[in-house]
$ cat entry-v6.cif   # mmCIF, C-alpha atoms
data_structure
#
loop_
_atom_site.label_atom_id
_atom_site.label_comp_id
_atom_site.auth_asym_id
_atom_site.auth_seq_id
_atom_site.Cartn_x
_atom_site.Cartn_y
_atom_site.Cartn_z
CA MET S 159 -5.12 -18.39 1.60
CA SER S 160 -1.58 -18.72 2.80
CA LYS S 161 -0.75 -21.79 4.85
CA HIS S 162 0.87 -19.43 7.37
CA VAL S 163 -2.43 -17.79 8.35
CA ASP S 164 -4.54 -18.78 11.36
CA PRO S 165 -8.14 -19.00 10.04
CA VAL S 166 -9.67 -18.17 13.43
CA PHE S 167 -7.60 -15.01 13.80
CA LEU S 168 -8.30 -14.13 10.16
CA SER S 169 -12.04 -14.38 10.76
CA LYS S 170 -11.86 -12.33 13.97
CA LEU S 171 -9.82 -9.54 12.37
CA ARG S 172 -12.02 -9.57 9.26
CA ARG S 173 -15.14 -9.05 11.42
CA ARG S 174 -13.50 -6.06 13.10
CA LEU S 175 -12.52 -4.52 9.77
CA ALA S 176 -16.03 -5.07 8.41
CA ASP S 177 -17.17 -2.34 10.83
CA PHE S 178 -14.77 0.20 9.29
CA ASP S 179 -16.78 2.80 7.36
CA GLY S 180 -13.84 3.99 5.30
CA LYS S 181 -13.63 7.28 7.18
CA ALA S 182 -13.42 7.00 10.96
CA ILE S 183 -9.97 5.59 11.57
CA SER S 184 -10.56 5.34 15.32
CA ILE S 185 -11.76 1.76 14.82
CA LEU S 186 -8.52 1.00 13.00
CA GLY S 187 -6.46 2.39 15.86
CA GLU S 188 -8.44 0.26 18.31
CA THR S 189 -8.03 -2.79 16.08
CA GLU S 190 -4.31 -2.18 15.81
CA ALA S 191 -3.93 -1.84 19.58
CA GLU S 192 -5.83 -5.08 20.13
CA PHE S 193 -4.14 -7.24 17.51
CA VAL S 194 -0.71 -5.81 16.69
CA ASN S 195 1.16 -8.22 18.96
CA THR S 196 -0.69 -11.30 17.76
CA GLN S 197 1.47 -13.82 15.95
CA GLY S 198 0.84 -13.65 12.20
CA TYR S 199 -0.69 -10.16 12.35
CA LEU S 200 0.96 -8.85 9.16
CA ALA S 201 0.36 -12.08 7.24
CA ILE S 202 -3.33 -11.91 8.06
CA LEU S 203 -3.53 -8.23 7.13
CA LEU S 204 -2.00 -9.09 3.77
CA GLU S 205 -4.68 -11.73 3.24
CA LEU S 206 -7.34 -9.14 4.10
CA ALA S 207 -5.76 -6.53 1.82
CA ILE S 208 -7.07 -8.49 -1.16
CA ASP S 209 -10.56 -8.92 0.29
CA ALA S 210 -13.41 -8.22 -2.14
CA GLU S 211 -15.07 -5.87 0.36
CA SER S 212 -13.48 -2.47 -0.05
CA ASN S 213 -13.80 -1.43 3.61
CA ILE S 214 -11.95 -4.56 4.70
CA ALA S 215 -9.20 -4.13 2.09
CA SER S 216 -8.90 -0.43 2.94
CA GLY S 217 -8.70 -1.06 6.67
CA ALA S 218 -6.19 -3.87 6.26
CA THR S 219 -3.90 -1.81 4.03
CA TRP S 220 -4.15 1.16 6.42
CA LEU S 221 -3.05 -1.14 9.25
CA ILE S 222 -0.18 -2.50 7.15
CA LYS S 223 0.98 1.04 6.38
CA SER S 224 0.70 1.99 10.03
CA ALA S 225 2.78 -1.01 11.12
CA LEU S 226 5.45 -0.22 8.53
CA GLU S 227 5.57 3.43 9.61
CA LYS S 228 6.17 2.22 13.17
CA GLY S 229 9.12 0.09 12.13
CA ALA S 230 7.62 -3.30 11.28
CA LYS S 231 9.33 -5.16 8.46
CA LEU S 232 7.49 -7.31 5.95
CA PRO S 233 9.31 -10.56 5.25
CA ALA S 234 10.22 -11.09 1.58
CA ARG S 235 7.66 -13.88 1.17
CA LEU S 236 4.85 -11.59 2.34
CA ILE S 237 5.91 -8.77 0.02
CA GLU S 238 6.12 -11.23 -2.85
CA ASN S 239 2.64 -12.56 -2.03
CA LEU S 240 1.23 -9.02 -1.89
CA ILE S 241 2.79 -8.03 -5.21
CA ASP S 242 1.52 -11.25 -6.81
CA ASN S 243 -2.01 -10.26 -5.76
CA LEU S 244 -2.01 -6.51 -6.45
CA ASP S 245 -4.49 -6.91 -9.28
CA ARG S 246 -7.04 -8.08 -6.70
CA ILE S 247 -6.87 -4.76 -4.82
CA SER S 248 -9.52 -2.58 -6.41
CA ALA S 249 -10.51 -0.12 -3.66
CA TRP S 250 -8.83 3.21 -4.42
CA ASP S 251 -7.91 3.86 -0.80
CA ALA S 252 -6.38 0.39 -0.43
CA GLN S 253 -4.35 1.11 -3.57
CA LEU S 254 -3.31 4.42 -2.02
CA HIS S 255 -2.10 2.72 1.16
CA ILE S 256 -0.05 0.25 -0.88
CA CYS S 257 1.56 3.09 -2.86
CA GLN S 258 2.32 4.89 0.43
CA SER S 259 3.91 1.70 1.77
CA VAL S 260 6.25 1.03 -1.15
CA GLN S 261 8.98 3.09 0.51
CA TYR S 262 9.21 0.37 3.19
CA PHE S 263 9.43 -2.58 0.77
CA ASP S 264 12.68 -4.37 0.02
CA ILE S 265 11.95 -5.94 -3.34
CA ALA S 266 13.72 -7.85 -6.07
CA GLU S 267 13.82 -6.57 -9.64
CA SER S 268 11.08 -8.91 -10.86
CA GLU S 269 8.80 -7.71 -8.08
CA ALA S 270 9.68 -4.11 -8.91
CA GLU S 271 8.62 -4.73 -12.52
CA ASN S 272 5.27 -6.13 -11.37
CA LEU S 273 4.75 -3.28 -8.94
CA ILE S 274 5.46 -0.69 -11.63
CA ALA S 275 3.07 -2.41 -14.04
CA TRP S 276 0.34 -2.31 -11.37
CA ALA S 277 0.98 1.29 -10.33
CA LYS S 278 1.41 2.77 -13.81
CA PRO S 279 -2.34 3.19 -14.52
CA LEU S 280 -2.70 4.88 -11.12
CA LEU S 281 -0.61 7.79 -12.45
CA ASP S 282 -3.75 8.76 -14.39
CA HIS S 283 -6.32 8.00 -11.69
CA ASP S 284 -9.16 10.46 -11.05
CA ARG S 285 -8.09 10.85 -7.43
CA PRO S 286 -5.14 13.24 -7.06
CA PHE S 287 -3.76 11.61 -3.90
CA LEU S 288 -3.59 8.28 -5.67
CA ARG S 289 -1.78 9.93 -8.61
CA ALA S 290 0.63 11.60 -6.17
CA TRP S 291 1.44 8.44 -4.25
CA SER S 292 1.69 6.30 -7.36
CA MET S 293 4.27 8.81 -8.55
CA ASP S 294 6.03 8.43 -5.19
CA ALA S 295 6.02 4.63 -5.52
CA HIS S 296 7.47 4.84 -9.03
CA CYS S 297 10.23 7.16 -7.87
CA ARG S 298 11.15 5.01 -4.90
CA ILE S 299 11.41 1.96 -7.13
CA GLY S 300 13.48 4.02 -9.54
CA VAL S 301 16.06 4.68 -6.82
CA ASN S 302 17.00 0.98 -6.79
CA TYR S 303 16.06 0.17 -10.38
CA PRO S 304 16.69 3.28 -12.51
CA HIS S 305 16.66 1.15 -15.66
CA LEU S 306 13.00 0.29 -14.92
CA VAL S 307 11.65 3.76 -14.24
CA SER S 308 12.98 7.27 -14.70
CA ALA S 309 12.20 9.12 -11.47
CA SER S 310 13.06 12.41 -13.17
CA ASP S 311 10.48 11.82 -15.92
CA ILE S 312 7.84 10.79 -13.38
CA VAL S 313 8.51 13.88 -11.25
CA ASP S 314 8.36 16.13 -14.33
CA ARG S 315 4.99 14.62 -15.12
CA GLY S 316 3.83 15.27 -11.56
CA LEU S 317 5.00 18.89 -11.68
CA ALA S 318 2.70 19.41 -14.67
CA ASP S 319 -0.34 17.84 -12.99
CA GLU S 320 -3.44 19.99 -12.52
CA ALA S 321 -3.79 19.01 -8.86
CA ALA S 322 -1.82 20.96 -6.27
CA SER S 323 -1.35 17.82 -4.14
CA VAL S 324 0.37 16.00 -7.00
CA ARG S 325 2.61 18.98 -7.76
CA ALA S 326 3.50 19.28 -4.06
CA ARG S 327 4.44 15.58 -3.87
CA ALA S 328 6.53 16.00 -7.02
CA ARG S 329 8.37 19.01 -5.52
CA ASN S 330 8.98 17.05 -2.31
CA LEU S 331 10.38 14.11 -4.27
CA ARG S 332 12.63 16.39 -6.31
CA GLN S 333 13.93 18.17 -3.17
CA SER S 334 14.59 14.90 -1.37
CA GLY S 335 16.50 13.51 -4.33
CA VAL S 336 14.31 10.45 -4.65
#

$ encode --input "entry-v6.cif" --output "structure tokens"
Amino acid sequence: MSKHVDPVFLSKLRRRLADFDGKAISILGETEAEFVNTQGYLAILLELAIDAESNIASGATWLIKSALEKGAKLPARLIENLIDNLDRISAWDAQLHICQSVQYFDIAESEAENLIAWAKPLLDHDRPFLRAWSMDAHCRIGVNYPHLVSASDIVDRGLADEAASVRARARNLRQSGV
């Protein structure tokens, strides 16, 4: 655990996320409303993102994504910590939320390499949304580090996918120039 995390707050937030069934996001909205302004909120969510219990990891990553979508910024040390621990995130929906959040990350080249290595197998995942958003993550990294990943090749691969959701994401990426 990070030395920057309050263990009491961590325990309290973990108990709330333990009630998340993986489907009804109303509990996540309530949790967000209750805790979002608590000091260390994002750091604790990042600790919970690597929890062994999939509902906790899924809920924590959903809350991280929500915070980022609302304008929160992850400090570099927290992004680095997350990327260093990606291999501990095994729940498919938690992986999905991380891929959806990549667009908000400001990362160094070494972190981009690690993120690509983690996300590459997800391009072949059974779940189409995870394939689509892994493709998105690759392309967004490729914008800043084209020598690490060819966004054009990744989009071409997505356009040939059997799933309509993956093809739609690929078309969106192509149209947006990502």

$ residues_near_point --input "entry-v6.cif" --point "(2.2, -14.1, -5.5)" --cutoff "12 Å" --atoms "only C-alpha atoms" --output "list in words"
Met159, Ser160, Leu204, Glu205, Ile208, Ala234, Arg235, Leu236, Ile237, Glu238, Asn239, Leu240, Ile241, Asp242, Asn243, Leu244, Asp245, Arg246, Ser268, Glu269, Asn272 and Leu273 of chain S

$ residues_around --input "entry-v6.cif" --residues "Asp209 of chain S" --least-positions-apart "5" --cutoff "9 Å" --atoms "only C-alpha atoms" --output "short mmCIF file (atom, residue, chain, number, x, y, z; two decimals) with C-alpha atoms, keeping the file's coordinate frame"
data_model
loop_
_atom_site.label_atom_id
_atom_site.label_comp_id
_atom_site.auth_asym_id
_atom_site.auth_seq_id
_atom_site.Cartn_x
_atom_site.Cartn_y
_atom_site.Cartn_z
CA ILE S 214 -11.95 -4.56 4.70
CA ALA S 215 -9.20 -4.13 2.09
CA ALA S 218 -6.19 -3.87 6.26
CA ARG S 246 -7.04 -8.08 -6.70
CA ILE S 247 -6.87 -4.76 -4.82
#

$ atom_distance --input "entry-v6.cif" --atom1 "atom CA of Gly180 of chain S" --atom2 "atom CA of Ala275 of chain S"
26.5 Å

$ axis_aligned_box --input "entry-v6.cif" --around "segment 219-232 of chain S" --padding-each-side "5 Å" --output "lines of an AutoDock Vina configuration file"
center_x = 2.6
center_y = -1.9
center_z = 8.6
size_x = 23.5
size_y = 20.7
size_z = 19.1

$ atom_distance --input "entry-v6.cif" --atom1 "atom CA of Gln261 of chain S" --atom2 "atom CA of Tyr199 of chain S"
20.2 Å

$ resolve_selection --input "entry-v6.cif" --expression "the PyMOL selection byres ((chain S and resi 324) around 10)" --output "list of chain:residue names"
S:Leu281, S:Arg285, S:Pro286, S:Phe287, S:Leu288, S:Arg289, S:Ala290, S:Trp291, S:Ser292, S:Met293, S:Asp294, S:Val313, S:Arg315, S:Gly316, S:Leu317, S:Ala318, S:Asp319, S:Glu320, S:Ala321, S:Ala322, S:Ser323, S:Arg325, S:Ala326, S:Arg327, S:Ala328, S:Arg329, S:Asn330

$ closest_residue --input "entry-v6.cif" --among "S:Glu190, S:Asp311, S:Glu271, S:Asp284" --to "Thr219 of chain S" --atoms "only C-alpha atoms"
S:Glu190

$ atom_distance --input "entry-v6.cif" --atom1 "atom CA of Trp220 of chain S" --atom2 "atom CA of His255 of chain S"
5.9 Å

$ closest_residue --input "entry-v6.cif" --among "S:Ala249, S:Ala270, S:Val336, S:Asp314" --to "Arg298 of chain S" --atoms "all atoms listed in the file"
S:Val336

$ resolve_selection --input "entry-v6.cif" --expression "the PyMOL selection byres ((chain S and resi 186) around 12)" --output "PyMOL selection string"
chain S and resi 171-172+174-185+187-194+213-214+216-225

$ write_last_selection --input "entry-v6.cif" --atoms "C-alpha atoms" --output "compact mmCIF listing (two decimals), in the frame of the given file"
# COMPACT_ATOMS: atom_id res chain seq x y z
CA LEU S 171 -9.82 -9.54 12.37
CA ARG S 172 -12.02 -9.57 9.26
CA ARG S 174 -13.50 -6.06 13.10
CA LEU S 175 -12.52 -4.52 9.77
CA ALA S 176 -16.03 -5.07 8.41
CA ASP S 177 -17.17 -2.34 10.83
CA PHE S 178 -14.77 0.20 9.29
CA ASP S 179 -16.78 2.80 7.36
CA GLY S 180 -13.84 3.99 5.30
CA LYS S 181 -13.63 7.28 7.18
CA ALA S 182 -13.42 7.00 10.96
CA ILE S 183 -9.97 5.59 11.57
CA SER S 184 -10.56 5.34 15.32
CA ILE S 185 -11.76 1.76 14.82
CA GLY S 187 -6.46 2.39 15.86
CA GLU S 188 -8.44 0.26 18.31
CA THR S 189 -8.03 -2.79 16.08
CA GLU S 190 -4.31 -2.18 15.81
CA ALA S 191 -3.93 -1.84 19.58
CA GLU S 192 -5.83 -5.08 20.13
CA PHE S 193 -4.14 -7.24 17.51
CA VAL S 194 -0.71 -5.81 16.69
CA ASN S 213 -13.80 -1.43 3.61
CA ILE S 214 -11.95 -4.56 4.70
CA SER S 216 -8.90 -0.43 2.94
CA GLY S 217 -8.70 -1.06 6.67
CA ALA S 218 -6.19 -3.87 6.26
CA THR S 219 -3.90 -1.81 4.03
CA TRP S 220 -4.15 1.16 6.42
CA LEU S 221 -3.05 -1.14 9.25
CA ILE S 222 -0.18 -2.50 7.15
CA LYS S 223 0.98 1.04 6.38
CA SER S 224 0.70 1.99 10.03
CA ALA S 225 2.78 -1.01 11.12

$ closest_residue --input "entry-v6.cif" --among "S:Asn195, S:Ala201, S:Leu232, S:Ile299" --to "Val260 of chain S" --atoms "all atoms listed in the file"
S:Ile299

$ closest_residue --input "entry-v6.cif" --among "S:Ile274, S:Leu254, S:Ile265, S:Leu168" --to "Asn302 of chain S" --atoms "all atoms listed in the file"
S:Ile265

$ closest_atom_pairs --input "entry-v6.cif" --of "segment 273-300 of chain S" --to "segment 304-307 of chain S" --cutoff "8 Å" --atoms "all atoms listed in the file" --output "CSV"
residue,atom,partner,partner_atom,distance
S:His296,CA,S:Val307,CA,6.8
S:Cys297,CA,S:Val307,CA,7.4
S:Ile299,CA,S:Val307,CA,7.3
S:Gly300,CA,S:Pro304,CA,4.4

$ closest_residue --input "entry-v6.cif" --among "S:Leu280, S:Ala295, S:Leu203, S:Leu331" --to "Tyr262 of chain S" --atoms "all atoms listed in the file"
S:Ala295
